[in-house]
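To start, the structure under review is shown below, and the notes come after it.
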Amino acid sequence: MSKIGDIKVIAHRPVPDGFDIKTVSVTKKADGYYVTLSLDDKTVPTIKPDFNPDNIVGIDVGLIDFYVASDNTRIAAPKHLRKAERRLKSVQRRVSRRKKGSNRRRKAIQKLGRQHKKVADARKDFHFKTAKTLLDKYDVVAVEKLNIKGLVKTRLAKSINDAGWSQFVTILSNKAVNAGLKVIAINPNGTSQECSICGHKVKKLLSQRMHNCPICHASLCRDLNAAINIKNRGAHGLKAQSMSSYRSH
């Protein structure tokens with residue numbers, strides 16, 4: 001490595017023949033240093049988008065259900081951090097009791113770091129598996145363009161960070177690109193208030209979990225109503241992109 005020289009590594013897998021190493025990144029984590037190689041294979045063709053715009057689903061992310069989809073499927077929020085809190089607090093107390101600068105404190109801090117990494121790894125694994133489940137079934141996934149930085153300033157910050165929506169959407173988008181599929185982000189304003197059947201605005205408090213429209217008398221789960229609106233906006237956005245692309249040609 002430039003400016004460093006040779007370093008010893010434990011290779012988890014060999015670099016395949018014919019691949020060029022483009023970049024090398026070294027990351028320090030709680031349980032040691034990790035080296036990630038970015039490889040390039042000239043024989044692999046660039047994947048061109050090849051998706052069916054009609055095979056689309058909208059997902060409404062939340063804190064009770066990780067997401068509710070427009071097809072009325074839902075996945076419960078795993079709450080990795082919440083489930084590990086008791087263990088983390090126990091290790092944190094051990095750090096606090098150790099004398100500053102001592103080896104015992106250093107070891108306790110390392111153990112705490114490994115516990116946090118375990119939570120982060122479990123969350124990331126869940127995100128990858130959830131993204132695969134969606135993309136195995138649908139060609140297009142419509143999601144809300146959320147202001148995560150603004151949301152984590154609220155009293156729900158810990159639960160929002162535990163859900164890791166931003167990381168999930170990044171993983172979902174990358175997997176979609178690699179498969180020639182599509183993730184489209186839509187404006188989230190009013191998705192919960194707007195009736196997915198007739199479009200009438202039905203104001204409701206956060207505590208109200210059902211959507212009941214006084215105009216068309218639609219009655220369904222608030223999150224399902226939002227997911228259907230997200231899907232409809234995503235489909236509209238795809239058509240707009242398609243028309244724009246057609247005009248440019």
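To be explicit about the labels: the chains of the structure tokens are called A, B, and onward in the order shown, and within each one the residues are counted from 1, while ligands get numbers from 1 in the order they are shown.
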If you run DSSP on the backbone here, which positions in range 42-232 of chain A get helix (DSSP H, G or I)? Please write them as a PyMOL selection string. chain A and resi 80-97+103-137+148-151+157-163+165-178+222-232
Residues within 9 Å of Ala120 in chain A, only C-alpha atoms, excluding chain neighbours under 4 positions, as a ChimeraX atom specification: /A:80-81,115-116,124-125,162
Enumerate as a ChimeraX atom specification all residues of range 5-213 of chain A assigned to strand (DSSP E or B) by DSSP on the backbone, naming them with the chain letters and numbers the document uses. /A:20-29,32-40,56-61,65-69,74-76,140-144,182-186,194,201,210-212
Do a neighbour search on Ser166 in chain A at 9 Å with only C-alpha atoms, toss out local chain neighbours closer than 5 positions, and write the hits as a list of chain:residue names.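 Using only C-alpha atoms, the neighbours found are A:Leu146, A:Ile148, A:Asn161, A:Ile171.
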I want to know what sits within 10 Å of range 202-208 of chain A, based on only C-alpha atoms, with residues of the same chain fewer than 6 positions away left out; could you give that as an NGL selection string? :A and (190 or 192-195 or 214-215 or 221-222)
Selection file, N, CA, C and O atoms, as a PDB file, in the first residue's frame:
```pdb
ATOM      1  N   GLY A 190     -47.739  14.109   2.761  1.00  0.00           N
ATOM      2  CA  GLY A 190     -49.159  13.768   2.650  1.00  0.00           C
ATOM      3  C   GLY A 190     -49.479  12.332   2.337  1.00  0.00           C
ATOM      4  O   GLY A 190     -50.658  11.993   2.128  1.00  0.00           O
ATOM      5  N   SER A 192     -49.586   9.814   4.253  1.00  0.00           N
ATOM      6  CA  SER A 192     -50.432   9.226   5.299  1.00  0.00           C
ATOM      7  C   SER A 192     -51.815   9.854   5.351  1.00  0.00           C
ATOM      8  O   SER A 192     -52.782   9.221   5.777  1.00  0.00           O
ATOM      9  N   GLN A 193     -51.911  11.122   4.909  1.00  0.00           N
ATOM     10  CA  GLN A 193     -53.179  11.859   5.001  1.00  0.00           C
ATOM     11  C   GLN A 193     -54.073  11.655   3.780  1.00  0.00           C
ATOM     12  O   GLN A 193     -55.295  11.717   3.879  1.00  0.00           O
ATOM     13  N   GLU A 194     -53.466  11.436   2.640  1.00  0.00           N
ATOM     14  CA  GLU A 194     -54.226  11.333   1.385  1.00  0.00           C
ATOM     15  C   GLU A 194     -54.877   9.958   1.247  1.00  0.00           C
ATOM     16  O   GLU A 194     -54.244   8.935   1.497  1.00  0.00           O
ATOM     17  N   CYS A 195     -56.135   9.947   0.853  1.00  0.00           N
ATOM     18  CA  CYS A 195     -56.831   8.675   0.646  1.00  0.00           C
ATOM     19  C   CYS A 195     -56.305   8.017  -0.629  1.00  0.00           C
ATOM     20  O   CYS A 195     -56.294   8.637  -1.701  1.00  0.00           O
ATOM     21  N   PRO A 214     -64.140   9.818   4.789  1.00  0.00           N
ATOM     22  CA  PRO A 214     -65.560  10.172   4.858  1.00  0.00           C
ATOM     23  C   PRO A 214     -66.204  10.319   3.477  1.00  0.00           C
ATOM     24  O   PRO A 214     -67.424  10.357   3.360  1.00  0.00           O
ATOM     25  N   ILE A 215     -65.369  10.378   2.423  1.00  0.00           N
ATOM     26  CA  ILE A 215     -65.900  10.579   1.070  1.00  0.00           C
ATOM     27  C   ILE A 215     -66.214   9.235   0.383  1.00  0.00           C
ATOM     28  O   ILE A 215     -67.343   8.986  -0.031  1.00  0.00           O
ATOM     29  N   CYS A 221     -55.674   0.075   7.074  1.00  0.00           N
ATOM     30  CA  CYS A 221     -54.548   0.427   7.939  1.00  0.00           C
ATOM     31  C   CYS A 221     -53.863   1.689   7.426  1.00  0.00           C
ATOM     32  O   CYS A 221     -53.656   1.835   6.218  1.00  0.00           O
ATOM     33  N   ARG A 222     -53.564   2.593   8.320  1.00  0.00           N
ATOM     34  CA  ARG A 222     -52.917   3.862   7.965  1.00  0.00           C
ATOM     35  C   ARG A 222     -51.635   3.632   7.144  1.00  0.00           C
ATOM     36  O   ARG A 222     -51.396   4.313   6.142  1.00  0.00           O
TER      37      ARG A 222
END
```
Near-Asn55 in chain A list (8 Å; only C-alpha atoms; drop same-chain fewer than 6 positions) as JSON, numbers by chain: {"A": [138, 139, 140]}
Computed interatomic separation between CA of Ala226 in chain A and CA of Gly199 in chain A (Å):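 Spanning CA of Ala226 in chain A to CA of Gly199 in chain A is a straight-line distance of 11.5 Å.
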Could you check how far CA of His127 in chain A sits from CA of Trp165 in chain A, in Å to one decimal?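 Between CA of His127 in chain A and CA of Trp165 in chain A the gap is 8.8 Å.
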Using only C-alpha atoms, the shortest atom-to-atom distance to Gly113 in chain A among A:Lys239, A:Arg13, A:Lys29, A:Arg233 belongs to A:Lys29
Just the residues within 12 Å of Lys129 in chain A, please, counting only C-alpha atoms, with nothing from its chain fewer than 5 positions along; format it as a short mmCIF file (atom, residue, chain, number, x, y, z; two decimals) with all heavy atoms, in the first residue's frame.
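The new file part-v2.cif reads:
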```cif
data_model
loop_
_atom_site.label_atom_id
_atom_site.label_comp_id
_atom_site.auth_asym_id
_atom_site.auth_seq_id
_atom_site.Cartn_x
_atom_site.Cartn_y
_atom_site.Cartn_z
N ILE A 75 -43.09 -6.44 7.52
CA ILE A 75 -42.01 -7.06 8.27
C ILE A 75 -41.85 -6.29 9.57
O ILE A 75 -41.70 -5.06 9.56
CB ILE A 75 -40.68 -7.06 7.48
CG1 ILE A 75 -40.78 -7.99 6.28
CG2 ILE A 75 -39.52 -7.47 8.37
CD1 ILE A 75 -39.51 -8.12 5.48
N ALA A 122 -25.69 -7.34 12.78
CA ALA A 122 -27.01 -7.99 12.72
C ALA A 122 -27.99 -7.12 11.95
O ALA A 122 -28.79 -7.62 11.14
CB ALA A 122 -27.53 -8.25 14.13
N ARG A 123 -27.93 -5.80 12.17
CA ARG A 123 -28.81 -4.86 11.47
C ARG A 123 -28.52 -4.88 9.96
O ARG A 123 -29.44 -4.92 9.14
CB ARG A 123 -28.62 -3.46 12.03
CG ARG A 123 -29.54 -2.40 11.40
CD ARG A 123 -29.22 -1.01 11.91
NE ARG A 123 -29.45 -0.90 13.34
CZ ARG A 123 -28.49 -0.65 14.24
NH1 ARG A 123 -27.23 -0.49 13.84
NH2 ARG A 123 -28.80 -0.54 15.52
N LYS A 124 -27.24 -4.86 9.62
CA LYS A 124 -26.85 -4.84 8.21
C LYS A 124 -27.26 -6.13 7.51
O LYS A 124 -27.74 -6.12 6.36
CB LYS A 124 -25.33 -4.64 8.09
CG LYS A 124 -24.87 -4.25 6.69
CD LYS A 124 -23.42 -3.80 6.71
CE LYS A 124 -23.01 -3.22 5.37
NZ LYS A 124 -21.61 -2.73 5.40
N LEU A 134 -37.45 -8.21 -1.33
CA LEU A 134 -38.23 -7.28 -2.15
C LEU A 134 -37.87 -7.40 -3.63
O LEU A 134 -38.74 -7.46 -4.50
CB LEU A 134 -38.00 -5.85 -1.68
CG LEU A 134 -38.76 -5.40 -0.43
CD1 LEU A 134 -38.21 -4.07 0.08
CD2 LEU A 134 -40.26 -5.28 -0.70
N LEU A 135 -36.56 -7.45 -3.92
CA LEU A 135 -36.10 -7.44 -5.32
C LEU A 135 -36.29 -8.79 -6.01
O LEU A 135 -36.29 -8.87 -7.23
CB LEU A 135 -34.64 -7.00 -5.39
CG LEU A 135 -34.40 -5.55 -4.93
CD1 LEU A 135 -32.91 -5.24 -4.88
CD2 LEU A 135 -35.11 -4.56 -5.86
N ASP A 136 -36.44 -9.86 -5.22
CA ASP A 136 -36.77 -11.16 -5.82
C ASP A 136 -38.20 -11.18 -6.33
O ASP A 136 -38.54 -11.94 -7.24
CB ASP A 136 -36.60 -12.28 -4.78
CG ASP A 136 -35.14 -12.69 -4.59
OD1 ASP A 136 -34.30 -12.26 -5.40
OD2 ASP A 136 -34.85 -13.43 -3.63
N PHE A 168 -30.56 0.95 4.87
CA PHE A 168 -31.39 -0.01 4.13
C PHE A 168 -31.66 0.47 2.71
O PHE A 168 -31.53 -0.31 1.75
CB PHE A 168 -32.71 -0.23 4.86
CG PHE A 168 -33.71 -1.00 4.04
CD1 PHE A 168 -33.51 -2.34 3.74
CD2 PHE A 168 -34.86 -0.38 3.57
CE1 PHE A 168 -34.43 -3.05 2.97
CE2 PHE A 168 -35.78 -1.09 2.81
CZ PHE A 168 -35.56 -2.42 2.50
N ILE A 171 -28.53 0.11 0.57
CA ILE A 171 -28.32 -1.29 0.19
C ILE A 171 -29.33 -1.72 -0.87
O ILE A 171 -28.98 -2.36 -1.88
CB ILE A 171 -28.42 -2.20 1.44
CG1 ILE A 171 -27.20 -1.99 2.34
CG2 ILE A 171 -28.55 -3.68 1.04
CD1 ILE A 171 -27.31 -2.66 3.70
N LEU A 172 -30.59 -1.35 -0.67
CA LEU A 172 -31.66 -1.69 -1.62
C LEU A 172 -31.36 -1.10 -3.00
O LEU A 172 -31.49 -1.78 -4.03
CB LEU A 172 -33.01 -1.17 -1.10
CG LEU A 172 -34.24 -1.43 -1.96
CD1 LEU A 172 -34.57 -2.91 -2.00
CD2 LEU A 172 -35.45 -0.65 -1.40
N LYS A 175 -28.30 -2.90 -4.69
CA LYS A 175 -28.66 -4.25 -5.17
C LYS A 175 -29.56 -4.16 -6.41
O LYS A 175 -29.46 -4.98 -7.32
CB LYS A 175 -29.36 -5.03 -4.06
CG LYS A 175 -28.42 -5.51 -2.96
CD LYS A 175 -29.13 -6.36 -1.93
CE LYS A 175 -29.44 -7.74 -2.44
NZ LYS A 175 -28.22 -8.57 -2.65
#
```
